Amino acid sequence: MDLEAVRTFVTVAEAGQFQEAAADLSITQQAVSKRIATLERDLDVRLFTRTARGARLTIDGQAFLPHARELLRVAERADASVRPGRRALRIDVVNRRIVTAGLVQDFYRMRPEIELDVLTLDADIDGAIAAVEAGTIDATFHAVPPQQHLPEAIRTARVIDEPHQLLIGPRHPLANARAIAPGQLGGHRIWMPGLDARGEVAVYYDELATAFGITIDVVGPVFGNEALLAEIADSSDLATLVGEGSRYLWPDSYDLRRIPVRDPAPVYPMSLIWRDDNPHPALIELRRYLDSRRAGPPDTDVWVPTWEQPPRCRAAPRS
């Protein structure tokens, strides 16, 4: 159905005259008459009876009017759902517990008028880039190795340099340390069950383990973060690595400790990934915000990956 003809019909019905409707629509009276005639022919009914005072709805016209108005409302909503600035900005934060989710939440606190659609894709960097390129999402956060292939339309900007912390329980030998050097982690069991074996995450942790003689245990079923925290709290040898900006909650009785890893501080570099031709104004605002919030590396020596290692991770034997 021709929506312009439907809009013309509603305008005539509300104005009561073809001439006044033509003025409201900024078209000629002849164009109004032509649109109404076409609509009547398509519907096979008469919609108006012309009188000396103007145009009066027929019974069929009265029956069609509320549906015509609804058609126009639906068309407006459909237009708004995809028009840049009127639909929600769709962002993949990767994981709702990590620093990216916190940054996007802080952005929303500052700009609550901006509508966001926050989600987590189960994808490595290749899958995330494919989703951005296809328009499934507007932006995502991932570490981008230098050798990563980027389609022509894809742009990236490094926005986060996140140091690590060691998360341990009160009975762990390092529980009272103020800070820990990566070299001190050799011989301690770093437990990260379910560590993603795909893409840049695996490459990063493999290179980290190789650089400092760390053994990362990825063996074991994944029962969720709550179960992991409970195991660490009750253990004298288990530990795990978390990002400085990650958010975890646990009972006070666990007495877990988050100890900075420094000298050097391993840094996980994350970038915002988006399409260069995406005109959504909220994306521009988000990029400005992230750029203003980006902190430099910690005030200490840092270690960053060379990203040259093959994607593999060493697993310690289960005791």
# chains A, B, ... in the order shown; residues from 1 in each chain; ligands from 1
$ closest_atom_pairs --of "region 189-278 of chain A" --to "region 171-176 of chain A" --cutoff "10 Å" --atoms "only C-alpha atoms" --output "JSON lines"
{"residue": "A:Ile232", "atom": "CA", "partner": "A:His172", "partner_atom": "CA", "distance": 9.0}
{"residue": "A:Ala233", "atom": "CA", "partner": "A:Arg171", "partner_atom": "CA", "distance": 8.1}
{"residue": "A:Asp234", "atom": "CA", "partner": "A:Arg171", "partner_atom": "CA", "distance": 7.8}
{"residue": "A:Ser235", "atom": "CA", "partner": "A:Arg171", "partner_atom": "CA", "distance": 6.8}
{"residue": "A:Ser236", "atom": "CA", "partner": "A:His172", "partner_atom": "CA", "distance": 4.4}
{"residue": "A:Asp237", "atom": "CA", "partner": "A:His172", "partner_atom": "CA", "distance": 5.5}
{"residue": "A:Leu238", "atom": "CA", "partner": "A:His172", "partner_atom": "CA", "distance": 7.4}
{"residue": "A:Ala239", "atom": "CA", "partner": "A:His172", "partner_atom": "CA", "distance": 8.0}
{"residue": "A:Asp255", "atom": "CA", "partner": "A:Arg171", "partner_atom": "CA", "distance": 9.6}
{"residue": "A:Leu256", "atom": "CA", "partner": "A:Ala175", "partner_atom": "CA", "distance": 8.5}
{"residue": "A:Arg257", "atom": "CA", "partner": "A:Ala175", "partner_atom": "CA", "distance": 6.8}
{"residue": "A:Arg258", "atom": "CA", "partner": "A:Ala175", "partner_atom": "CA", "distance": 8.9}
{"residue": "A:Ile259", "atom": "CA", "partner": "A:Ala175", "partner_atom": "CA", "distance": 8.2}
$ select_by_dssp --residues "region 17-206 of chain A" --states "strand (DSSP E)" --output "PyMOL selection string"
chain A and resi 48-51+54-57+89-92+116-119+139-142+154-168+189-191
$ closest_residue --among "A:Glu113, A:Asp276, A:Asp301, A:Asp291" --to "Ala153 (chain A)" --atoms "only C-alpha atoms"
A:Asp276
$ residues_around --residues "region 39-47 of chain A" --least-positions-apart "2" --cutoff "6 Å" --atoms "only C-alpha atoms" --output "list in words"
Ile36, Ala37, Leu57, Thr58, Asp60 and Gly61 of chain A
$ atom_distance --atom1 "CA of Phe18 (chain A)" --atom2 "CA of Glu70 (chain A)"
21.6 Å
$ closest_residue --among "A:Ala265, A:Val93, A:Val302, A:Ala21" --to "His164 (chain A)" --atoms "only C-alpha atoms"
A:Ala265
$ residues_around --residues "His142 (chain A)" --least-positions-apart "5" --cutoff "7 Å" --atoms "only C-alpha atoms" --output "short mmCIF file (atom, residue, chain, number, x, y, z; two decimals) with all heavy atoms, in the first residue's frame"
data_model
loop_
_atom_site.label_atom_id
_atom_site.label_comp_id
_atom_site.auth_asym_id
_atom_site.auth_seq_id
_atom_site.Cartn_x
_atom_site.Cartn_y
_atom_site.Cartn_z
N ILE A 125 37.91 -12.51 18.34
CA ILE A 125 38.03 -11.24 17.63
C ILE A 125 37.57 -11.35 16.18
O ILE A 125 36.94 -10.43 15.65
CB ILE A 125 39.48 -10.71 17.70
CG1 ILE A 125 39.54 -9.31 17.07
CG2 ILE A 125 40.47 -11.67 17.07
CD1 ILE A 125 40.86 -8.61 17.27
N MET A 270 43.13 -3.39 25.17
CA MET A 270 41.85 -3.59 24.50
C MET A 270 41.50 -2.39 23.64
O MET A 270 41.76 -1.24 24.01
CB MET A 270 40.73 -3.84 25.52
CG MET A 270 40.93 -5.11 26.33
SD MET A 270 39.47 -5.56 27.29
CE MET A 270 38.40 -6.20 26.00
N SER A 271 40.89 -2.67 22.50
CA SER A 271 40.52 -1.62 21.55
C SER A 271 39.02 -1.62 21.32
O SER A 271 38.36 -2.65 21.44
CB SER A 271 41.23 -1.84 20.21
OG SER A 271 42.63 -1.72 20.34
N LEU A 272 38.50 -0.45 20.99
CA LEU A 272 37.13 -0.34 20.49
C LEU A 272 37.18 -0.60 18.99
O LEU A 272 38.07 -0.10 18.29
CB LEU A 272 36.56 1.05 20.75
CG LEU A 272 35.11 1.26 20.33
CD1 LEU A 272 34.17 0.51 21.26
CD2 LEU A 272 34.76 2.75 20.31
#
$ closest_atom_pairs --of "region 90-121 of chain A" --to "region 277-283 of chain A" --cutoff "9 Å" --atoms "only C-alpha atoms" --output "CSV"
residue,atom,partner,partner_atom,distance
A:Ile114,CA,A:Ala282,CA,6.7
A:Glu115,CA,A:Ala282,CA,8.4
A:Leu116,CA,A:Ala282,CA,8.7
$ select_by_dssp --residues "region 20-237 of chain A" --states "helix (DSSP H, G or I)" --output "VMD selection string"
chain A and resid 20 to 25 29 to 43 59 to 82 99 to 110 125 to 134 182 to 185 199 to 212 225 to 233
$ atom_distance --atom1 "CA of Leu119 (chain A)" --atom2 "CA of Ala75 (chain A)"
26.8 Å
$ closest_residue --among "A:Pro146, A:Trp250, A:Val6, A:His188" --to "Phe64 (chain A)" --atoms "only C-alpha atoms"
A:Val6
$ atom_distance --atom1 "CA of Ala179 (chain A)" --atom2 "CA of Ile214 (chain A)"
16.7 Å
$ closest_residue --among "A:Lys34, A:Arg7, A:Arg97, A:Arg90" --to "Asp138 (chain A)" --atoms "only C-alpha atoms"
A:Arg90
$ closest_residue --among "A:Gly127, A:Gly16, A:Pro260, A:Pro269" --to "Thr306 (chain A)" --atoms "only C-alpha atoms"
A:Pro269
$ closest_residue --among "A:Val82, A:Leu195, A:Ile59, A:Ile98" --to "Ser246 (chain A)" --atoms "only C-alpha atoms"
A:Ile98
$ residues_around --residues "Val94 (chain A)" --least-positions-apart "4" --cutoff "8 Å" --atoms "only C-alpha atoms" --output "count of residues only"
9
$ residues_around --residues "Gln148 (chain A)" --least-positions-apart "6" --cutoff "10 Å" --atoms "only C-alpha atoms" --output "list of chain:residue names"
A:Ile125, A:Asp126, A:Glu200, A:Trp307
$ write_last_selection --atoms "N, CA and C atoms" --output "short mmCIF file (atom, residue, chain, number, x, y, z; two decimals), in the first residue's frame"
data_model
loop_
_atom_site.label_atom_id
_atom_site.label_comp_id
_atom_site.auth_asym_id
_atom_site.auth_seq_id
_atom_site.Cartn_x
_atom_site.Cartn_y
_atom_site.Cartn_z
N ILE A 125 37.91 -12.51 18.34
CA ILE A 125 38.03 -11.24 17.63
C ILE A 125 37.57 -11.35 16.18
N ASP A 126 37.83 -12.49 15.53
CA ASP A 126 37.39 -12.63 14.14
C ASP A 126 35.86 -12.59 14.05
N GLU A 200 42.71 -14.13 20.32
CA GLU A 200 43.69 -13.28 20.98
C GLU A 200 43.81 -13.55 22.48
N TRP A 307 52.40 -10.78 20.62
CA TRP A 307 51.35 -11.43 19.82
C TRP A 307 51.92 -12.34 18.74
#
